[in-house]
Amino acid sequence: MTIEHAQEFRLVAPGDAALRPLLDDLAIEYHRRYGANNELARFPESDFAPPDGGFLILVENGETTAGGAFRRYDATTAELKRIWTHPGHRRRGLGRLVMRELERETAGRGYLRVVLTTGPRQPEATALYLATGYRPLYDVTADPETVGEHSFEKSLV
């Protein structure tokens with residue numbers, strides 16, 4: 001039996017209801033891994049609004065299954081944030097699809113480089129970023145907890 005997945009990427013506004021699954025699950029994930037935190041409130045929603053930013057979601061058969069966001073870091077650099085895959089849809093390569101589409105979208109807006117960070121308790125994110133060609137800006141051989149924030153960069157040109 002073959003299961004068909006009608007996939008569509010959508011750029012949505014920060015307050016769009018289709019973002020709720022992404023933001024709600026990220027809040028649960030961050031709390032589970034780090035305890036009480038304000039990660040989702042660190043940046044104003046306006047940072048993720050056009051023309052310098054955006055929220056990108058992957059919709060399959062009407063359900064938000066993956067997504068991410070970007071914001072202006074500097075004149076030539078975008079910062080990726082909120083990379084997420086629905087727990088019921090992990091291990092299908094959706095994270096790679098989201099990363100590729102975010103890179104395409106940011107390059108199309110004139111950004112030449114992308115940066116991103118993840119926390120020390122998110123080894124899946126670290127593995128995804130390394131597998132998609134991001135260069136770590138920290139010592140990958142060090143104990144992740146001693147490094148703190150894990151920063152990465154990638155050229156889009």
# chains A, B, ... in the order shown; residues from 1 in each chain; ligands from 1

call {"tool": "residues_around", "arguments": {"residues": "Glu63 (chain A)", "least_positions_apart": "4", "cutoff": "10 Å", "atoms": "only C-alpha atoms", "output": "list in words"}}
result
Gln7, Ala18, Pro21, Ile57, Leu58, Val59 and His86 of chain A

call {"tool": "residues_around", "arguments": {"residues": "Gly133 (chain A)", "least_positions_apart": "6", "cutoff": "10 Å", "atoms": "only C-alpha atoms", "output": "MDAnalysis selection string"}}
result
chainID A and resid 152:155

call {"tool": "write_last_selection", "arguments": {"atoms": "all heavy atoms", "output": "mmCIF file, in the first residue's frame"}}
result
data_model
loop_
_atom_site.group_PDB
_atom_site.id
_atom_site.type_symbol
_atom_site.label_atom_id
_atom_site.label_comp_id
_atom_site.auth_asym_id
_atom_site.auth_seq_id
_atom_site.Cartn_x
_atom_site.Cartn_y
_atom_site.Cartn_z
ATOM 1 N N PHE A 152 25.854 27.958 13.827
ATOM 2 C CA PHE A 152 26.213 27.426 12.513
ATOM 3 C C PHE A 152 26.070 28.526 11.475
ATOM 4 O O PHE A 152 25.334 29.487 11.675
ATOM 5 C CB PHE A 152 25.271 26.290 12.109
ATOM 6 C CG PHE A 152 25.307 25.093 12.995
ATOM 7 C CD1 PHE A 152 24.558 25.065 14.169
ATOM 8 C CD2 PHE A 152 26.053 23.984 12.659
ATOM 9 C CE1 PHE A 152 24.566 23.945 14.990
ATOM 10 C CE2 PHE A 152 26.073 22.864 13.468
ATOM 11 C CZ PHE A 152 25.325 22.849 14.636
ATOM 12 N N GLU A 153 26.761 28.334 10.335
ATOM 13 C CA GLU A 153 26.598 29.254 9.205
ATOM 14 C C GLU A 153 26.693 28.477 7.905
ATOM 15 O O GLU A 153 27.268 27.388 7.856
ATOM 16 C CB GLU A 153 27.640 30.377 9.224
ATOM 17 C CG GLU A 153 29.035 29.909 8.885
ATOM 18 C CD GLU A 153 30.040 31.038 8.796
ATOM 19 O OE1 GLU A 153 29.663 32.232 8.881
ATOM 20 O OE2 GLU A 153 31.231 30.735 8.619
ATOM 21 N N LYS A 154 26.140 29.081 6.841
ATOM 22 C CA LYS A 154 26.232 28.494 5.514
ATOM 23 C C LYS A 154 26.141 29.595 4.489
ATOM 24 O O LYS A 154 25.290 30.481 4.591
ATOM 25 C CB LYS A 154 25.095 27.494 5.302
ATOM 26 C CG LYS A 154 25.145 26.753 3.965
ATOM 27 C CD LYS A 154 24.030 25.725 3.889
ATOM 28 C CE LYS A 154 24.118 24.875 2.646
ATOM 29 N NZ LYS A 154 23.038 23.858 2.616
ATOM 30 N N SER A 155 27.016 29.533 3.493
ATOM 31 C CA SER A 155 26.964 30.474 2.385
ATOM 32 C C SER A 155 25.891 30.036 1.413
ATOM 33 O O SER A 155 25.738 28.846 1.138
ATOM 34 C CB SER A 155 28.316 30.546 1.677
ATOM 35 O OG SER A 155 28.214 31.338 0.524
#

call {"tool": "residues_around", "arguments": {"residues": "Glu79 (chain A)", "least_positions_apart": "4", "cutoff": "8 Å", "atoms": "only C-alpha atoms", "output": "VMD selection string"}}
result
chain A and resid 70 to 73 114 to 116

call {"tool": "write_last_selection", "arguments": {"atoms": "C-alpha atoms", "output": "short mmCIF file (atom, residue, chain, number, x, y, z; two decimals), in the first residue's frame"}}
result
data_model
loop_
_atom_site.label_atom_id
_atom_site.label_comp_id
_atom_site.auth_asym_id
_atom_site.auth_seq_id
_atom_site.Cartn_x
_atom_site.Cartn_y
_atom_site.Cartn_z
CA PHE A 70 13.79 33.36 8.98
CA ARG A 71 14.62 36.89 10.04
CA ARG A 72 17.12 39.54 9.03
CA TYR A 73 20.43 39.09 10.90
CA VAL A 114 22.43 32.00 6.64
CA VAL A 115 23.18 31.60 10.34
CA LEU A 116 21.32 29.61 12.97
#

call {"tool": "residues_around", "arguments": {"residues": "region 30-43 of chain A", "least_positions_apart": "2", "cutoff": "10 Å", "atoms": "only C-alpha atoms", "output": "PyMOL selection string"}}
result
chain A and resi 23-28+45-48+71+81-82+119-122

call {"tool": "residues_around", "arguments": {"residues": "Leu130 (chain A)", "least_positions_apart": "5", "cutoff": "12 Å", "atoms": "only C-alpha atoms", "output": "list of chain:residue names"}}
result
A:Arg96, A:Met99, A:Leu116, A:Thr117, A:Thr118, A:Pro123, A:Glu124, A:Ala125, A:Arg135, A:Pro136, A:Leu137, A:Val140, A:His150, A:Ser151, A:Phe152, A:Glu153, A:Lys154

call {"tool": "write_last_selection", "arguments": {"atoms": "C-alpha atoms", "output": "PDB file, in the first residue's frame"}}
result
ATOM      1  CA  ARG A  96      15.833  18.618   5.050  1.00  0.00           C
ATOM      2  CA  MET A  99      15.941  23.674   5.279  1.00  0.00           C
ATOM      3  CA  LEU A 116      21.324  29.609  12.966  1.00  0.00           C
ATOM      4  CA  THR A 117      21.663  28.363  16.504  1.00  0.00           C
ATOM      5  CA  THR A 118      20.369  25.466  18.521  1.00  0.00           C
ATOM      6  CA  PRO A 123      21.210  16.683  19.030  1.00  0.00           C
ATOM      7  CA  GLU A 124      18.686  15.997  16.241  1.00  0.00           C
ATOM      8  CA  ALA A 125      18.884  19.654  15.186  1.00  0.00           C
ATOM      9  CA  ARG A 135      29.533  24.858   9.281  1.00  0.00           C
ATOM     10  CA  PRO A 136      29.665  24.712  13.069  1.00  0.00           C
ATOM     11  CA  LEU A 137      31.064  27.818  14.754  1.00  0.00           C
ATOM     12  CA  VAL A 140      31.930  19.916  18.007  1.00  0.00           C
ATOM     13  CA  HIS A 150      25.497  25.844  19.097  1.00  0.00           C
ATOM     14  CA  SER A 151      25.992  28.294  16.211  1.00  0.00           C
ATOM     15  CA  PHE A 152      26.213  27.426  12.513  1.00  0.00           C
ATOM     16  CA  GLU A 153      26.598  29.254   9.205  1.00  0.00           C
ATOM     17  CA  LYS A 154      26.232  28.494   5.514  1.00  0.00           C
TER      18      LYS A 154
END

call {"tool": "atom_distance", "arguments": {"atom1": "CA of Ala75 (chain A)", "atom2": "CA of Asp16 (chain A)"}}
result
26.6 Å

call {"tool": "select_by_dssp", "arguments": {"residues": "chain A", "states": "strand (DSSP E or B)", "output": "ChimeraX atom specification"}}
result
/A:7-12,54-60,63-74,77-85,113-118,135-136,150-155

call {"tool": "select_by_dssp", "arguments": {"residues": "region 98-129 of chain A", "states": "helix (DSSP H, G or I)", "output": "PyMOL selection string"}}
result
chain A and resi 98-108+123-129

call {"tool": "write_last_selection", "arguments": {"atoms": "all heavy atoms", "output": "compact mmCIF listing (two decimals), in the first residue's frame"}}
result
# COMPACT_ATOMS: atom_id res chain seq x y z
N VAL A 98 12.49 21.36 4.54
CA VAL A 98 12.27 22.70 5.11
C VAL A 98 13.54 23.53 5.00
O VAL A 98 13.49 24.70 4.59
CB VAL A 98 11.78 22.62 6.57
CG1 VAL A 98 11.84 23.97 7.25
CG2 VAL A 98 10.36 22.04 6.62
N MET A 99 14.67 22.94 5.35
CA MET A 99 15.94 23.67 5.28
C MET A 99 16.21 24.13 3.85
O MET A 99 16.57 25.30 3.61
CB MET A 99 17.10 22.80 5.77
CG MET A 99 17.02 22.42 7.24
SD MET A 99 17.09 23.83 8.35
CE MET A 99 18.80 24.28 8.16
N ARG A 100 16.02 23.25 2.90
CA ARG A 100 16.26 23.58 1.49
C ARG A 100 15.33 24.71 1.03
O ARG A 100 15.74 25.64 0.34
CB ARG A 100 16.10 22.34 0.62
CG ARG A 100 16.51 22.55 -0.83
CD ARG A 100 16.61 21.27 -1.65
NE ARG A 100 15.52 20.34 -1.44
CZ ARG A 100 15.69 19.08 -1.00
NH1 ARG A 100 16.88 18.62 -0.75
NH2 ARG A 100 14.65 18.30 -0.85
N GLU A 101 14.07 24.65 1.42
CA GLU A 101 13.11 25.67 1.01
C GLU A 101 13.39 27.01 1.71
O GLU A 101 13.26 28.07 1.09
CB GLU A 101 11.68 25.21 1.29
CG GLU A 101 10.63 26.11 0.71
CD GLU A 101 10.58 26.14 -0.82
OE1 GLU A 101 11.20 25.27 -1.47
OE2 GLU A 101 9.92 27.05 -1.34
N LEU A 102 13.79 26.97 2.96
CA LEU A 102 14.17 28.22 3.65
C LEU A 102 15.39 28.85 2.99
O LEU A 102 15.44 30.07 2.83
CB LEU A 102 14.44 27.95 5.14
CG LEU A 102 13.22 27.75 6.02
CD1 LEU A 102 13.63 27.20 7.39
CD2 LEU A 102 12.43 29.04 6.19
N GLU A 103 16.35 28.04 2.60
CA GLU A 103 17.53 28.57 1.91
C GLU A 103 17.14 29.17 0.57
O GLU A 103 17.63 30.24 0.20
CB GLU A 103 18.57 27.46 1.71
CG GLU A 103 19.21 27.01 3.01
CD GLU A 103 20.00 25.73 2.88
OE1 GLU A 103 20.19 25.23 1.74
OE2 GLU A 103 20.43 25.22 3.93
N ARG A 104 16.26 28.50 -0.16
CA ARG A 104 15.80 29.03 -1.45
C ARG A 104 15.08 30.37 -1.25
O ARG A 104 15.32 31.33 -1.97
CB ARG A 104 14.87 28.01 -2.12
CG ARG A 104 14.52 28.36 -3.57
CD ARG A 104 13.38 27.52 -4.10
NE ARG A 104 12.12 27.79 -3.43
CZ ARG A 104 11.40 28.92 -3.57
NH1 ARG A 104 11.81 29.89 -4.34
NH2 ARG A 104 10.26 29.07 -2.91
N GLU A 105 14.22 30.42 -0.27
CA GLU A 105 13.45 31.63 0.00
C GLU A 105 14.36 32.80 0.42
O GLU A 105 14.20 33.92 -0.06
CB GLU A 105 12.41 31.36 1.09
CG GLU A 105 11.48 32.51 1.36
CD GLU A 105 10.57 32.86 0.20
OE1 GLU A 105 10.12 31.96 -0.52
OE2 GLU A 105 10.30 34.07 0.03
N THR A 106 15.32 32.53 1.29
CA THR A 106 16.20 33.61 1.75
C THR A 106 17.13 34.07 0.63
O THR A 106 17.35 35.27 0.47
CB THR A 106 17.01 33.19 3.00
OG1 THR A 106 17.71 31.97 2.74
CG2 THR A 106 16.10 33.01 4.20
N ALA A 107 17.63 33.15 -0.17
CA ALA A 107 18.47 33.54 -1.31
C ALA A 107 17.67 34.40 -2.28
O ALA A 107 18.18 35.39 -2.82
CB ALA A 107 19.04 32.31 -2.02
N GLY A 108 16.41 34.04 -2.49
CA GLY A 108 15.55 34.81 -3.37
C GLY A 108 15.28 36.23 -2.89
O GLY A 108 14.93 37.11 -3.66
N PRO A 123 20.26 17.34 19.93
CA PRO A 123 21.21 16.68 19.03
C PRO A 123 20.63 16.41 17.65
O PRO A 123 21.37 16.36 16.66
CB PRO A 123 21.57 15.39 19.76
CG PRO A 123 20.43 15.14 20.69
CD PRO A 123 19.93 16.51 21.09
N GLU A 124 19.31 16.23 17.55
CA GLU A 124 18.69 16.00 16.24
C GLU A 124 18.86 17.23 15.35
O GLU A 124 19.10 17.10 14.15
CB GLU A 124 17.18 15.71 16.38
CG GLU A 124 16.84 14.65 17.40
CD GLU A 124 16.61 15.21 18.81
OE1 GLU A 124 17.02 16.34 19.11
OE2 GLU A 124 16.01 14.49 19.61
N ALA A 125 18.71 18.41 15.95
CA ALA A 125 18.88 19.65 15.19
C ALA A 125 20.34 19.79 14.74
O ALA A 125 20.62 20.11 13.58
CB ALA A 125 18.46 20.86 16.02
N THR A 126 21.26 19.53 15.64
CA THR A 126 22.68 19.60 15.29
C THR A 126 22.99 18.66 14.13
O THR A 126 23.66 19.04 13.17
CB THR A 126 23.56 19.26 16.51
OG1 THR A 126 23.34 20.26 17.52
CG2 THR A 126 25.03 19.22 16.16
N ALA A 127 22.48 17.44 14.21
CA ALA A 127 22.72 16.45 13.13
C ALA A 127 22.13 16.93 11.81
O ALA A 127 22.77 16.80 10.76
CB ALA A 127 22.14 15.10 13.53
N LEU A 128 20.93 17.52 11.85
CA LEU A 128 20.30 18.04 10.63
C LEU A 128 21.15 19.15 10.02
O LEU A 128 21.40 19.14 8.81
CB LEU A 128 18.90 18.56 10.94
CG LEU A 128 18.19 19.29 9.80
CD1 LEU A 128 17.93 18.35 8.62
CD2 LEU A 128 16.89 19.93 10.30
N TYR A 129 21.61 20.07 10.82
CA TYR A 129 22.37 21.20 10.29
C TYR A 129 23.71 20.75 9.71
O TYR A 129 24.12 21.20 8.64
CB TYR A 129 22.57 22.27 11.36
CG TYR A 129 21.26 22.74 11.96
CD1 TYR A 129 21.18 23.16 13.28
CD2 TYR A 129 20.07 22.72 11.22
CE1 TYR A 129 19.97 23.57 13.83
CE2 TYR A 129 18.86 23.11 11.77
CZ TYR A 129 18.82 23.55 13.07
OH TYR A 129 17.63 23.93 13.61

call {"tool": "closest_residue", "arguments": {"among": "A:Pro51, A:Thr65, A:Gly93, A:Ala78", "to": "Ala6 (chain A)", "atoms": "only C-alpha atoms"}}
result
A:Thr65

call {"tool": "closest_residue", "arguments": {"among": "A:Ala142, A:Ala66, A:Ala49, A:Leu112", "to": "Arg92 (chain A)", "atoms": "only C-alpha atoms"}}
result
A:Ala66

call {"tool": "closest_residue", "arguments": {"among": "A:Gly15, A:Gly68, A:Pro144, A:Gly110", "to": "Phe55 (chain A)", "atoms": "only C-alpha atoms"}}
result
A:Gly68

call {"tool": "closest_residue", "arguments": {"among": "A:Thr85, A:Thr132, A:Thr76, A:Thr141", "to": "Glu60 (chain A)", "atoms": "only C-alpha atoms"}}
result
A:Thr85

call {"tool": "closest_residue", "arguments": {"among": "A:Arg91, A:Leu156, A:Gly148, A:Val12", "to": "Ala69 (chain A)", "atoms": "only C-alpha atoms"}}
result
A:Val12
